There are 2 protein chains.
Amino acid sequence: MMQHIVHSFDQELKFLTTKIVAMIDHSEQMITNALQAMINNDVDLAKKIITDDEYLDQAEREIDDRAITIIAKRQPMADDLREIVGAIRISSDLERVGDMAKNIAKRVGVISMFHQDATFYKQIKELTNLALAQLAQVRDIYAQRNVAQITDVLKRDEEIDTVYTNLFRYLVEVMGKDKEKITLCTHLLFCAKNIERVGDHATNIVEMIHYIVTARHPALDRVRKDLTHQVKN
Amino acid sequence: MMQHIVHSFDQELKFLTTKIVAMIDHSEQMITNALQAMINNDVDLAKKIITDDEYLDQAEREIDDRAITIIAKRQPMADDLREIVGAIRISSDLERVGDMAKNIAKRVGVISMFHQDATFYKQIKELTNLALAQLAQVRDIYAQRNVAQITDVLKRDEEIDTVYTNLFRYLVEVMGKDKEKITLCTHLLFCAKNIERVGDHATNIVEMIHYIVTARHPALDRVRKDLTHQVKN
């Protein structure tokens, strides 16, 4: 006789939410490692980050498959459907956070061949710590459905954009002063941009949590403060 | 008496697929305009692109809402669910394509203040035309469920990455020769990166179409040929 393990609907939903939290943990660790790999010129850690990314790719696909199975079997009503559709969307943003860490990791080999720049590392640390604070708060908001905290994330995203804009100006200035550093600074610019994008994904995720909880899409006119497109010198 | 317009399930699915095609058309037009705005220093067109992006944001949310309504009301089986979940994912990639165009548009103001660089414009045109070919083929594959054409998209993505890598090298070289052009080239680097990302989104979309049609996720070991992280000089 075939043996079936019958899961309750709640257990199945719990699979999705647990997986999302695991994805947040994983992407947070990848960003932490990306910073360490940059700071310490750690090429081995960079390689590990690239391998670690597979977990998020796999998790995203698993959430798609499970979501479809759950919906087909359980035919859930609107609240639960928002939960499931929300998991699909959020996993997509987390997978992209992993891509950001991976993109930084791929540059570590080149970056490590250049002389370090203390000012850059101080600023990228500040930027990355803000991005990590975003991911930590995203986890709390998701786990506790604490939509009141969403404004913290939106505010911190503005901070991230300000630090990123300063870093962008700084790197362009360095390139102007020392042409030997142009390649390095170009890679560092993309590293910084990747971290700034983590902030955008965090914002997307909390907006999706807002939708899961309230069935309403948050204000569309959220101000984006990345002003580097205006940097003229 | 309340009057209800009763839609068939097929009509409801058709709403989603029609909306996706409209999003492809719209994002294609935005990328076309982004190229024109860059080439012609057309600040007014750039402003239009930024406004046009709202359509894609709105369409993405509309697809979420409709998907949930359709699932709740119709309780579809696995094939149709993949169609619906696929629409959710694809709309997310298309919304990001719009963001790429918008990010370019925001830089037009700064770029237009600098002397034009003919070589860059030749290469960015080539890159953008490849990205536009991707979007056109994505539309065909989606509309006709022609999964056999997916390999074309994957191949063209490798071409895009090669052109992008060459462009990256070129811009870094220009910065090294003329420090007056560093700010310009930095913005142009991000413009090029945005176009290269369009290719990645096209790839994501055709992989999702593959999943919709076959219920299988395509090979995970797809080679990514963006090698700019290895550019040392």
# chains A, B, ... in the order shown; residues from 1 in each chain; ligands from 1
$ residues_around --residues "stretch 158-174 of chain A" --least-positions-apart "2" --cutoff "9 Å" --atoms "only C-alpha atoms" --output "PyMOL selection string"
(chain A and resi 119-120+123-124+126-128+130-131+153-156+176-179+181-182+185-186+188-189+192-193+195-196+199+223-229+231-233) or (chain B and resi 182-183+186)
$ closest_atom_pairs --of "stretch 9-86 of chain A" --to "stretch 135-138 of chain A" --cutoff "9 Å" --atoms "only C-alpha atoms" --output "tab-separated table"
residue	atom	partner	partner_atom	distance
A:Ile24	CA	A:Leu135	CA	6.8
A:Asp25	CA	A:Ala136	CA	8.3
A:Ser27	CA	A:Leu135	CA	8.4
A:Glu28	CA	A:Leu135	CA	6.4
$ calpha_fit_rmsd --fixed "chain A" --moving "chain B"
0.1 Å
$ residues_around --residues "stretch 51-61 of chain A" --least-positions-apart "5" --cutoff "8 Å" --atoms "only C-alpha atoms" --output "PyMOL selection string"
(chain A and resi 19+23+26-27+30+88+91-92+94-95+98-99+102) or (chain B and resi 217)
$ write_last_selection --atoms "C-alpha atoms" --output "PDB file, in the first residue's frame"
ATOM      1  CA  LYS A  19      11.182  29.001   2.764  1.00  0.00           C
ATOM      2  CA  MET A  23      15.814  32.827   1.562  1.00  0.00           C
ATOM      3  CA  HIS A  26      20.582  33.113   2.912  1.00  0.00           C
ATOM      4  CA  SER A  27      20.646  36.344   0.920  1.00  0.00           C
ATOM      5  CA  MET A  30      25.575  36.300   0.904  1.00  0.00           C
ATOM      6  CA  ILE A  88       6.102  34.039  -5.532  1.00  0.00           C
ATOM      7  CA  SER A  91      11.160  34.958  -3.711  1.00  0.00           C
ATOM      8  CA  SER A  92      11.881  36.690  -7.012  1.00  0.00           C
ATOM      9  CA  LEU A  94      15.361  37.619  -2.880  1.00  0.00           C
ATOM     10  CA  GLU A  95      16.780  35.673  -5.788  1.00  0.00           C
ATOM     11  CA  GLY A  98      21.588  36.862  -4.348  1.00  0.00           C
ATOM     12  CA  ASP A  99      22.487  37.940  -7.892  1.00  0.00           C
ATOM     13  CA  LYS A 102      27.208  37.153  -6.868  1.00  0.00           C
TER      14      LYS A 102
ATOM     15  CA  HIS B 217      12.304  24.366 -15.474  1.00  0.00           C
TER      16      HIS B 217
END
$ closest_residue --among "A:Arg89, A:Arg96, A:Arg74, A:Lys47" --to "A:Val108" --atoms "only C-alpha atoms"
A:Lys47
$ closest_residue --among "B:Ala78, B:Tyr121, B:Ala46, B:Ile70" --to "chain A" --atoms "only C-alpha atoms"
B:Ala78
$ residues_around --residues "B:Ile150" --least-positions-apart "3" --cutoff "12 Å" --atoms "only C-alpha atoms" --output "list in words"
Gln134, Leu135, Gln137, Val138, Arg139, Asp140, Ile141, Tyr142, Gln144, Arg145, Asn146, Val147, Val153, Leu154, Lys155, Arg156, Asp157, Ala202, Thr203, Asn204, Ile205, Val206, Glu207, Met208, Ile209, His210, Tyr211, Val213 and Pro218 of chain B
$ select_by_dssp --residues "stretch 76-148 of chain B" --states "alpha helix (DSSP H)" --output "MDAnalysis selection string"
chainID B and resid 78:111 118:144
$ write_last_selection --atoms "C-alpha atoms" --output "mmCIF file, in the first residue's frame"
data_model
loop_
_atom_site.group_PDB
_atom_site.id
_atom_site.type_symbol
_atom_site.label_atom_id
_atom_site.label_comp_id
_atom_site.auth_asym_id
_atom_site.auth_seq_id
_atom_site.Cartn_x
_atom_site.Cartn_y
_atom_site.Cartn_z
ATOM 1 C CA ALA B 78 -2.195 22.812 -12.922
ATOM 2 C CA ASP B 79 -1.784 23.881 -16.577
ATOM 3 C CA ASP B 80 -3.858 27.005 -16.163
ATOM 4 C CA LEU B 81 -2.199 27.754 -12.849
ATOM 5 C CA ARG B 82 1.211 27.700 -14.506
ATOM 6 C CA GLU B 83 -0.205 30.156 -17.026
ATOM 7 C CA ILE B 84 -1.364 32.460 -14.242
ATOM 8 C CA VAL B 85 1.762 32.148 -12.088
ATOM 9 C CA GLY B 86 3.808 32.599 -15.265
ATOM 10 C CA ALA B 87 1.995 35.881 -15.961
ATOM 11 C CA ILE B 88 2.856 37.082 -12.444
ATOM 12 C CA ARG B 89 6.552 36.334 -12.953
ATOM 13 C CA ILE B 90 6.786 37.631 -16.518
ATOM 14 C CA SER B 91 5.080 40.906 -15.615
ATOM 15 C CA SER B 92 7.734 41.376 -12.940
ATOM 16 C CA ASP B 93 10.550 41.033 -15.499
ATOM 17 C CA LEU B 94 8.795 43.414 -17.904
ATOM 18 C CA GLU B 95 8.322 45.977 -15.176
ATOM 19 C CA ARG B 96 12.095 45.785 -14.596
ATOM 20 C CA VAL B 97 12.765 46.306 -18.329
ATOM 21 C CA GLY B 98 10.817 49.549 -17.971
ATOM 22 C CA ASP B 99 13.017 50.483 -14.999
ATOM 23 C CA MET B 100 16.088 49.975 -17.189
ATOM 24 C CA ALA B 101 14.705 52.415 -19.781
ATOM 25 C CA LYS B 102 13.799 54.859 -17.031
ATOM 26 C CA ASN B 103 17.282 54.670 -15.524
ATOM 27 C CA ILE B 104 18.777 55.532 -18.929
ATOM 28 C CA ALA B 105 16.265 58.347 -19.379
ATOM 29 C CA LYS B 106 17.291 59.891 -16.057
ATOM 30 C CA ARG B 107 20.885 60.100 -17.273
ATOM 31 C CA VAL B 108 20.048 61.837 -20.579
ATOM 32 C CA GLY B 109 20.108 65.268 -18.962
ATOM 33 C CA VAL B 110 23.713 64.821 -17.839
ATOM 34 C CA ILE B 111 24.856 62.934 -20.940
ATOM 35 C CA ALA B 118 30.573 58.324 -32.145
ATOM 36 C CA THR B 119 32.098 54.941 -31.293
ATOM 37 C CA PHE B 120 30.004 54.628 -28.156
ATOM 38 C CA TYR B 121 26.817 55.503 -29.984
ATOM 39 C CA LYS B 122 27.549 52.978 -32.721
ATOM 40 C CA GLN B 123 28.065 50.247 -30.119
ATOM 41 C CA ILE B 124 25.134 51.164 -27.896
ATOM 42 C CA LYS B 125 22.925 51.122 -30.988
ATOM 43 C CA GLU B 126 24.136 47.615 -31.799
ATOM 44 C CA LEU B 127 23.586 46.518 -28.195
ATOM 45 C CA THR B 128 20.130 48.067 -28.002
ATOM 46 C CA ASN B 129 19.047 46.574 -31.321
ATOM 47 C CA LEU B 130 20.006 43.143 -29.999
ATOM 48 C CA ALA B 131 17.972 43.785 -26.850
ATOM 49 C CA LEU B 132 15.012 44.923 -28.954
ATOM 50 C CA ALA B 133 15.303 41.763 -31.067
ATOM 51 C CA GLN B 134 15.101 39.816 -27.795
ATOM 52 C CA LEU B 135 11.884 41.537 -26.789
ATOM 53 C CA ALA B 136 10.356 41.013 -30.247
ATOM 54 C CA GLN B 137 11.165 37.332 -30.123
ATOM 55 C CA VAL B 138 9.911 37.059 -26.556
ATOM 56 C CA ARG B 139 6.555 38.361 -27.827
ATOM 57 C CA ASP B 140 6.462 35.746 -30.615
ATOM 58 C CA ILE B 141 7.425 32.909 -28.293
ATOM 59 C CA TYR B 142 4.847 33.986 -25.723
ATOM 60 C CA ALA B 143 2.047 34.518 -28.243
ATOM 61 C CA GLN B 144 2.679 31.297 -30.160
#
$ residues_around --residues "A:Phe15" --least-positions-apart "6" --cutoff "10 Å" --atoms "only C-alpha atoms" --output "count of residues only"
4
